[in-house]
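A.B. asks: Structure in C-alpha cells, see below.
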Amino acid sequence: MNGDKKRCAPSLAWNEKLSTGHTEIDEQHKGLIQLANDLLETVRAGKGAYLVDPILRRLRVYTRDHFRAEERIMASAGYPELARHAREHAQILGIVEQLNIFNDEGKPIDPDELLCLLREWLINHILGHDLPMASHLRSSRIKNRC
Ligand SMILES: [Fe+2]
Ligand SMILES: [Fe+2]
C-alpha cells in the first residue's frame with residue numbers, strides 16, 4: 001500500500017538550524033550533504049554502478065574522515081560525551097560501509113528509501129549529537145577565555 005510509504009523532501013539541504021558555529025565541522029557537513037545528494041541524484045537518474053560506486057566510495061571516505069576530525073576536536077576539548085558520540089559514529093560508519101545500492105539482480109535501491117536512510121544518518125545525527133557537542137565546545141571556549 002503506497003500510503004504506508006515514508007515520505008521525505010526530495011533532497012537534503014543544509015540550513016542555519018544545522019549550524020554548529022564551528023567552521024571546519026560546518027564545512028564538512030555541507031560536503032557530506034552535497035555528496036549524499038550527488039549519490040541520490042545518480043541513483044534517481046537510473047545510472048549504473050560505474051557512476052554510483054565512485055560517489056558511494058567518496059561518501060564512505062568523507063564520512064570516516066569527518067568522524068575522525070570531530071572525535072579529535074571533542075578529545076581536545078575534553079568533551080564528556082565523547083565515548084557515546086564516537087559509538088554513534090561507529091554505528092553509522094558500519095551502516096554506510098555495508099550499504100548496497102544494487103541488489104543481486106543489479107536493481108538499485110528505492111531512492112526514497114535511500115533518502116530516508118541518508119537523512120537519518122546525516123541530519124538526525126547533526127541535530128541529535130553534533131549540535132549538543134558544539135554547544136559544549138562554545139561554552140568551554142568561553143570558560144577558557146575567563
Ligand atoms: Fe558531524
Ligand atoms: Fe558527530
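Numbering starts fresh at 1 for the residues of each chain in the C-alpha cells, the chains themselves are lettered A, B, ... in the order given, and ligands are numbered from 1 as they appear.
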Neighbours of ligand 2 within 9 Å, counting only C-alpha atoms and all ligand atoms, as a list in words?
C.D. replies: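 Residues lying within 9 Å of ligand 2: His66, Phe67, Glu70, Glu71, His85, Ala86, Glu88, His89, Leu122, His125, Ile126, Gly128, His129, Asp130, Leu131 and Met133 of chain A.
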A.B. asks: When you look at Ser76 (chain A) with a cut-off of 12 Å (counting only C-alpha atoms), what residues show up, excluding the ones that are within fewer than 4 positions of it in the same chain? I need them as a ChimeraX atom specification.
C.D. replies: /A:69-72,80,82,137,140-141
A.B. asks: Using only C-alpha atoms, which of A:Pro108, A:Trp14, A:Ser19, A:Pro132 sits nearest Leu39 (chain A)?
C.D. replies: A:Pro108
A.B. asks: Extract the full set of helix (DSSP H, G or I) residues from chain A according to DSSP on the backbone, and format it as a ChimeraX atom specification.
C.D. replies: /A:2-4,16-18,23-44,49-76,82-98,111-145
A.B. asks: With a distance cut-off of 12 Å and only C-alpha atoms, select the neighbouring residues of Gly46 (chain A), excluding the residue or stretch itself and same-chain residues fewer than 4 positions from it, and output the selection as a PDB file with all heavy atoms, in the first residue's frame.
C.D. replies:
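Saved file out.pdb follows:
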```pdb
ATOM      1  N   LEU A  39      24.821  11.293  -4.673  1.00  0.00           N
ATOM      2  CA  LEU A  39      24.524   9.855  -4.718  1.00  0.00           C
ATOM      3  C   LEU A  39      23.053   9.630  -5.062  1.00  0.00           C
ATOM      4  O   LEU A  39      22.707   8.829  -5.926  1.00  0.00           O
ATOM      5  CB  LEU A  39      24.879   9.222  -3.365  1.00  0.00           C
ATOM      6  CG  LEU A  39      24.603   7.729  -3.219  1.00  0.00           C
ATOM      7  CD1 LEU A  39      25.504   6.911  -4.144  1.00  0.00           C
ATOM      8  CD2 LEU A  39      24.802   7.263  -1.770  1.00  0.00           C
ATOM      9  N   LEU A  40      22.234  10.372  -4.380  1.00  0.00           N
ATOM     10  CA  LEU A  40      20.785  10.257  -4.556  1.00  0.00           C
ATOM     11  C   LEU A  40      20.364  10.580  -5.996  1.00  0.00           C
ATOM     12  O   LEU A  40      19.585   9.849  -6.609  1.00  0.00           O
ATOM     13  CB  LEU A  40      20.167  11.279  -3.606  1.00  0.00           C
ATOM     14  CG  LEU A  40      18.779  11.057  -3.088  1.00  0.00           C
ATOM     15  CD1 LEU A  40      18.623   9.711  -2.450  1.00  0.00           C
ATOM     16  CD2 LEU A  40      18.472  12.159  -2.073  1.00  0.00           C
ATOM     17  N   GLU A  41      20.926  11.658  -6.508  1.00  0.00           N
ATOM     18  CA  GLU A  41      20.589  12.102  -7.871  1.00  0.00           C
ATOM     19  C   GLU A  41      21.008  11.060  -8.907  1.00  0.00           C
ATOM     20  O   GLU A  41      20.275  10.787  -9.857  1.00  0.00           O
ATOM     21  CB  GLU A  41      21.373  13.394  -8.136  1.00  0.00           C
ATOM     22  CG  GLU A  41      20.639  14.423  -8.966  1.00  0.00           C
ATOM     23  CD  GLU A  41      21.475  15.678  -9.023  1.00  0.00           C
ATOM     24  OE1 GLU A  41      21.426  16.464  -8.043  1.00  0.00           O
ATOM     25  OE2 GLU A  41      22.218  15.838 -10.007  1.00  0.00           O
ATOM     26  N   THR A  42      22.177  10.461  -8.674  1.00  0.00           N
ATOM     27  CA  THR A  42      22.695   9.472  -9.617  1.00  0.00           C
ATOM     28  C   THR A  42      21.834   8.207  -9.596  1.00  0.00           C
ATOM     29  O   THR A  42      21.535   7.632 -10.639  1.00  0.00           O
ATOM     30  CB  THR A  42      24.175   9.132  -9.265  1.00  0.00           C
ATOM     31  OG1 THR A  42      24.844  10.363  -9.020  1.00  0.00           O
ATOM     32  CG2 THR A  42      24.869   8.413 -10.368  1.00  0.00           C
ATOM     33  N   TYR A  50      28.940   1.888 -12.388  1.00  0.00           N
ATOM     34  CA  TYR A  50      30.192   2.575 -12.740  1.00  0.00           C
ATOM     35  C   TYR A  50      30.155   4.048 -12.361  1.00  0.00           C
ATOM     36  O   TYR A  50      31.199   4.666 -12.144  1.00  0.00           O
ATOM     37  CB  TYR A  50      30.520   2.385 -14.232  1.00  0.00           C
ATOM     38  CG  TYR A  50      29.620   3.170 -15.163  1.00  0.00           C
ATOM     39  CD1 TYR A  50      30.088   4.330 -15.782  1.00  0.00           C
ATOM     40  CD2 TYR A  50      28.311   2.780 -15.408  1.00  0.00           C
ATOM     41  CE1 TYR A  50      29.258   5.059 -16.625  1.00  0.00           C
ATOM     42  CE2 TYR A  50      27.480   3.513 -16.239  1.00  0.00           C
ATOM     43  CZ  TYR A  50      27.959   4.644 -16.840  1.00  0.00           C
ATOM     44  OH  TYR A  50      27.131   5.374 -17.649  1.00  0.00           O
ATOM     45  N   LEU A  51      28.948   4.627 -12.257  1.00  0.00           N
ATOM     46  CA  LEU A  51      28.838   6.031 -11.828  1.00  0.00           C
ATOM     47  C   LEU A  51      28.476   6.148 -10.348  1.00  0.00           C
ATOM     48  O   LEU A  51      28.902   7.066  -9.661  1.00  0.00           O
ATOM     49  CB  LEU A  51      27.769   6.762 -12.657  1.00  0.00           C
ATOM     50  CG  LEU A  51      28.195   7.180 -14.072  1.00  0.00           C
ATOM     51  CD1 LEU A  51      27.030   7.774 -14.824  1.00  0.00           C
ATOM     52  CD2 LEU A  51      29.351   8.176 -14.008  1.00  0.00           C
ATOM     53  N   VAL A  52      27.666   5.199  -9.869  1.00  0.00           N
ATOM     54  CA  VAL A  52      27.196   5.262  -8.479  1.00  0.00           C
ATOM     55  C   VAL A  52      28.322   4.886  -7.498  1.00  0.00           C
ATOM     56  O   VAL A  52      28.517   5.572  -6.490  1.00  0.00           O
ATOM     57  CB  VAL A  52      25.975   4.319  -8.278  1.00  0.00           C
ATOM     58  CG1 VAL A  52      25.595   4.215  -6.815  1.00  0.00           C
ATOM     59  CG2 VAL A  52      24.794   4.786  -9.121  1.00  0.00           C
ATOM     60  N   ILE A 101      23.866  -0.383  -2.879  1.00  0.00           N
ATOM     61  CA  ILE A 101      22.930   0.387  -3.703  1.00  0.00           C
ATOM     62  C   ILE A 101      22.189  -0.543  -4.662  1.00  0.00           C
ATOM     63  O   ILE A 101      21.022  -0.330  -4.978  1.00  0.00           O
ATOM     64  CB  ILE A 101      23.690   1.484  -4.502  1.00  0.00           C
ATOM     65  CG1 ILE A 101      24.369   2.468  -3.547  1.00  0.00           C
ATOM     66  CG2 ILE A 101      22.750   2.218  -5.467  1.00  0.00           C
ATOM     67  CD1 ILE A 101      23.451   3.335  -2.715  1.00  0.00           C
ATOM     68  N   PHE A 102      22.870  -1.605  -5.107  1.00  0.00           N
ATOM     69  CA  PHE A 102      22.259  -2.530  -6.063  1.00  0.00           C
ATOM     70  C   PHE A 102      22.068  -3.900  -5.416  1.00  0.00           C
ATOM     71  O   PHE A 102      22.945  -4.363  -4.683  1.00  0.00           O
ATOM     72  CB  PHE A 102      23.154  -2.676  -7.299  1.00  0.00           C
ATOM     73  CG  PHE A 102      23.337  -1.369  -8.033  1.00  0.00           C
ATOM     74  CD1 PHE A 102      24.460  -0.583  -7.799  1.00  0.00           C
ATOM     75  CD2 PHE A 102      22.382  -0.913  -8.924  1.00  0.00           C
ATOM     76  CE1 PHE A 102      24.627   0.635  -8.457  1.00  0.00           C
ATOM     77  CE2 PHE A 102      22.538   0.302  -9.584  1.00  0.00           C
ATOM     78  CZ  PHE A 102      23.661   1.079  -9.353  1.00  0.00           C
ATOM     79  N   GLY A 106      21.061  -6.564  -9.673  1.00  0.00           N
ATOM     80  CA  GLY A 106      21.540  -5.308 -10.246  1.00  0.00           C
ATOM     81  C   GLY A 106      20.514  -4.192 -10.191  1.00  0.00           C
ATOM     82  O   GLY A 106      20.706  -3.132 -10.784  1.00  0.00           O
ATOM     83  N   LYS A 107      19.401  -4.436  -9.481  1.00  0.00           N
ATOM     84  CA  LYS A 107      18.363  -3.390  -9.362  1.00  0.00           C
ATOM     85  C   LYS A 107      18.752  -2.417  -8.249  1.00  0.00           C
ATOM     86  O   LYS A 107      19.148  -2.834  -7.166  1.00  0.00           O
ATOM     87  CB  LYS A 107      17.019  -4.032  -9.011  1.00  0.00           C
ATOM     88  CG  LYS A 107      16.407  -4.833 -10.130  1.00  0.00           C
ATOM     89  CD  LYS A 107      14.992  -4.322 -10.401  1.00  0.00           C
ATOM     90  CE  LYS A 107      14.415  -4.734 -11.725  1.00  0.00           C
ATOM     91  NZ  LYS A 107      14.561  -6.097 -12.140  1.00  0.00           N
ATOM     92  N   PRO A 108      18.612  -1.099  -8.504  1.00  0.00           N
ATOM     93  CA  PRO A 108      19.005  -0.142  -7.467  1.00  0.00           C
ATOM     94  C   PRO A 108      17.968  -0.039  -6.346  1.00  0.00           C
ATOM     95  O   PRO A 108      16.783  -0.320  -6.545  1.00  0.00           O
ATOM     96  CB  PRO A 108      19.105   1.185  -8.227  1.00  0.00           C
ATOM     97  CG  PRO A 108      18.189   1.024  -9.394  1.00  0.00           C
ATOM     98  CD  PRO A 108      18.158  -0.439  -9.730  1.00  0.00           C
ATOM     99  N   ILE A 109      18.449   0.392  -5.210  1.00  0.00           N
ATOM    100  CA  ILE A 109      17.616   0.656  -4.045  1.00  0.00           C
ATOM    101  C   ILE A 109      16.584   1.747  -4.398  1.00  0.00           C
ATOM    102  O   ILE A 109      16.854   2.580  -5.271  1.00  0.00           O
ATOM    103  CB  ILE A 109      18.546   1.118  -2.893  1.00  0.00           C
ATOM    104  CG1 ILE A 109      17.861   1.198  -1.550  1.00  0.00           C
ATOM    105  CG2 ILE A 109      19.209   2.448  -3.205  1.00  0.00           C
ATOM    106  CD1 ILE A 109      18.870   1.463  -0.393  1.00  0.00           C
ATOM    107  N   ASP A 110      15.429   1.720  -3.769  1.00  0.00           N
ATOM    108  CA  ASP A 110      14.415   2.765  -3.969  1.00  0.00           C
ATOM    109  C   ASP A 110      15.020   4.104  -3.501  1.00  0.00           C
ATOM    110  O   ASP A 110      15.440   4.230  -2.347  1.00  0.00           O
ATOM    111  CB  ASP A 110      13.191   2.389  -3.121  1.00  0.00           C
ATOM    112  CG  ASP A 110      12.103   3.460  -3.139  1.00  0.00           C
ATOM    113  OD1 ASP A 110      12.314   4.523  -3.744  1.00  0.00           O
ATOM    114  OD2 ASP A 110      11.050   3.217  -2.525  1.00  0.00           O
ATOM    115  N   PRO A 111      15.084   5.125  -4.388  1.00  0.00           N
ATOM    116  CA  PRO A 111      15.711   6.401  -4.000  1.00  0.00           C
ATOM    117  C   PRO A 111      15.064   7.044  -2.770  1.00  0.00           C
ATOM    118  O   PRO A 111      15.758   7.684  -1.976  1.00  0.00           O
ATOM    119  CB  PRO A 111      15.536   7.296  -5.226  1.00  0.00           C
ATOM    120  CG  PRO A 111      15.223   6.387  -6.349  1.00  0.00           C
ATOM    121  CD  PRO A 111      14.628   5.148  -5.781  1.00  0.00           C
TER     122      PRO A 111
END
```
A.B. asks: Kindly give the distance, in Å, that separates CA of Ile55 (chain A) and CA of Asp104 (chain A), rounded to a single decimal.
C.D. replies: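 According to the coordinates, CA of Ile55 (chain A) and CA of Asp104 (chain A) are separated by 19.7 Å.
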A.B. asks: Calculated over only C-alpha atoms and all ligand atoms, which of the candidates A:Leu127, A:Ala45, A:Ala77, A:Leu99 has the smallest distance to ligand 1?
C.D. replies: A:Leu127
A.B. asks: If we count only C-alpha atoms, what is near His29 (chain A) at a cut-off of 10 Å, once residues fewer than 3 positions away on the same chain are taken out, given as a list in words?
C.D. replies: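 Once the nearby chain positions are removed, what remains is Trp14, Leu18, Ser19, Thr20, Thr23, Glu24, Ile25, Asp26, Leu32, Ile33, Gln34, Leu35, Tyr62, Thr63, His66, Leu122, Ile123 and Ile126 of chain A.
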A.B. asks: Would you output that residue set with N, CA, C and O atoms, as a PDB file, in the first residue's frame?
C.D. replies:
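Ended up saving to selection_8.pdb:
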```
ATOM      1  N   TRP A  14      21.353  21.875   3.630  1.00  0.00           N
ATOM      2  CA  TRP A  14      21.940  22.458   4.828  1.00  0.00           C
ATOM      3  C   TRP A  14      21.190  23.740   5.127  1.00  0.00           C
ATOM      4  O   TRP A  14      20.803  24.478   4.211  1.00  0.00           O
ATOM      5  N   LEU A  18      21.193  23.739  11.259  1.00  0.00           N
ATOM      6  CA  LEU A  18      22.209  22.681  11.371  1.00  0.00           C
ATOM      7  C   LEU A  18      23.579  23.255  11.712  1.00  0.00           C
ATOM      8  O   LEU A  18      24.547  22.513  11.845  1.00  0.00           O
ATOM      9  N   SER A  19      23.643  24.580  11.836  1.00  0.00           N
ATOM     10  CA  SER A  19      24.939  25.208  12.074  1.00  0.00           C
ATOM     11  C   SER A  19      25.465  24.901  13.473  1.00  0.00           C
ATOM     12  O   SER A  19      24.777  25.116  14.469  1.00  0.00           O
ATOM     13  N   THR A  20      26.719  24.402  13.514  1.00  0.00           N
ATOM     14  CA  THR A  20      27.345  24.152  14.813  1.00  0.00           C
ATOM     15  C   THR A  20      28.116  25.395  15.268  1.00  0.00           C
ATOM     16  O   THR A  20      28.553  25.469  16.405  1.00  0.00           O
ATOM     17  N   THR A  23      33.531  26.333  12.105  1.00  0.00           N
ATOM     18  CA  THR A  23      33.699  26.425  10.648  1.00  0.00           C
ATOM     19  C   THR A  23      34.088  25.094  10.009  1.00  0.00           C
ATOM     20  O   THR A  23      33.491  24.682   9.009  1.00  0.00           O
ATOM     21  N   GLU A  24      35.073  24.423  10.589  1.00  0.00           N
ATOM     22  CA  GLU A  24      35.549  23.165   9.982  1.00  0.00           C
ATOM     23  C   GLU A  24      34.426  22.125   9.952  1.00  0.00           C
ATOM     24  O   GLU A  24      34.183  21.483   8.913  1.00  0.00           O
ATOM     25  N   ILE A  25      33.720  21.981  11.064  1.00  0.00           N
ATOM     26  CA  ILE A  25      32.652  20.979  11.124  1.00  0.00           C
ATOM     27  C   ILE A  25      31.517  21.344  10.164  1.00  0.00           C
ATOM     28  O   ILE A  25      31.017  20.496   9.426  1.00  0.00           O
ATOM     29  N   ASP A  26      31.130  22.614  10.143  1.00  0.00           N
ATOM     30  CA  ASP A  26      30.035  23.024   9.248  1.00  0.00           C
ATOM     31  C   ASP A  26      30.401  22.796   7.779  1.00  0.00           C
ATOM     32  O   ASP A  26      29.573  22.324   6.997  1.00  0.00           O
ATOM     33  N   LEU A  32      29.314  16.659   3.144  1.00  0.00           N
ATOM     34  CA  LEU A  32      28.630  15.364   3.268  1.00  0.00           C
ATOM     35  C   LEU A  32      27.237  15.425   2.646  1.00  0.00           C
ATOM     36  O   LEU A  32      26.814  14.492   1.956  1.00  0.00           O
ATOM     37  N   ILE A  33      26.538  16.519   2.900  1.00  0.00           N
ATOM     38  CA  ILE A  33      25.187  16.680   2.347  1.00  0.00           C
ATOM     39  C   ILE A  33      25.259  16.737   0.825  1.00  0.00           C
ATOM     40  O   ILE A  33      24.452  16.113   0.127  1.00  0.00           O
ATOM     41  N   GLN A  34      26.264  17.440   0.303  1.00  0.00           N
ATOM     42  CA  GLN A  34      26.436  17.522  -1.150  1.00  0.00           C
ATOM     43  C   GLN A  34      26.683  16.131  -1.749  1.00  0.00           C
ATOM     44  O   GLN A  34      26.056  15.753  -2.745  1.00  0.00           O
ATOM     45  N   LEU A  35      27.556  15.355  -1.114  1.00  0.00           N
ATOM     46  CA  LEU A  35      27.860  14.016  -1.620  1.00  0.00           C
ATOM     47  C   LEU A  35      26.638  13.103  -1.536  1.00  0.00           C
ATOM     48  O   LEU A  35      26.384  12.310  -2.440  1.00  0.00           O
ATOM     49  N   TYR A  62      34.735  10.230   3.049  1.00  0.00           N
ATOM     50  CA  TYR A  62      34.462  11.553   3.633  1.00  0.00           C
ATOM     51  C   TYR A  62      33.832  11.395   5.016  1.00  0.00           C
ATOM     52  O   TYR A  62      34.164  12.117   5.959  1.00  0.00           O
ATOM     53  N   THR A  63      32.924  10.435   5.140  1.00  0.00           N
ATOM     54  CA  THR A  63      32.261  10.204   6.431  1.00  0.00           C
ATOM     55  C   THR A  63      33.295   9.792   7.474  1.00  0.00           C
ATOM     56  O   THR A  63      33.313  10.322   8.589  1.00  0.00           O
ATOM     57  N   HIS A  66      35.471  12.737   8.381  1.00  0.00           N
ATOM     58  CA  HIS A  66      34.718  13.718   9.164  1.00  0.00           C
ATOM     59  C   HIS A  66      34.577  13.252  10.616  1.00  0.00           C
ATOM     60  O   HIS A  66      34.768  14.035  11.551  1.00  0.00           O
ATOM     61  N   LEU A 122      22.670  11.511   8.502  1.00  0.00           N
ATOM     62  CA  LEU A 122      23.317  12.825   8.466  1.00  0.00           C
ATOM     63  C   LEU A 122      22.587  13.862   9.297  1.00  0.00           C
ATOM     64  O   LEU A 122      23.128  14.389  10.269  1.00  0.00           O
ATOM     65  N   ILE A 123      21.369  14.143   8.914  1.00  0.00           N
ATOM     66  CA  ILE A 123      20.644  15.261   9.536  1.00  0.00           C
ATOM     67  C   ILE A 123      20.313  14.943  11.001  1.00  0.00           C
ATOM     68  O   ILE A 123      20.556  15.761  11.887  1.00  0.00           O
ATOM     69  N   ILE A 126      23.394  15.142  13.123  1.00  0.00           N
ATOM     70  CA  ILE A 126      23.828  16.528  13.382  1.00  0.00           C
ATOM     71  C   ILE A 126      22.937  17.138  14.467  1.00  0.00           C
ATOM     72  O   ILE A 126      23.429  17.722  15.438  1.00  0.00           O
TER      73      ILE A 126
END
```
A.B. asks: Restricting the calculation to only C-alpha atoms and all ligand atoms: of A:Asp65, A:Lys17, A:Leu114, A:Leu12, which residue gets closest to ligand 1?
C.D. replies: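 Closest residue, counting only C-alpha atoms and all ligand atoms: A:Asp65.
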A.B. asks: So which one's closest to ligand 1, A:Pro54, A:Gly48, A:Asp38, A:Met74? Using only C-alpha atoms and all ligand atoms, please.
C.D. replies: A:Met74
A.B. asks: State, in Å with one decimal place, the distance from CA of Val61 (chain A) to CA of Gly21 (chain A).
C.D. replies: 23.6 Å
A.B. asks: What separation in Å, quoted to one decimal, exists between CA of Ala75 (chain A) and CA of Arg57 (chain A)?
C.D. replies: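 Answer for the CA of Ala75 (chain A) to CA of Arg57 (chain A) separation: 27.1 Å.
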A.B. asks: Go through A:Glu16, A:Asp53, A:Glu81, A:Asp112 and flag the residue nearest Asn100 (chain A), using only C-alpha atoms for the distances.
C.D. replies: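 Ranking A:Glu16, A:Asp53, A:Glu81, A:Asp112 by distance to Asn100 (chain A), first place goes to A:Asp53.
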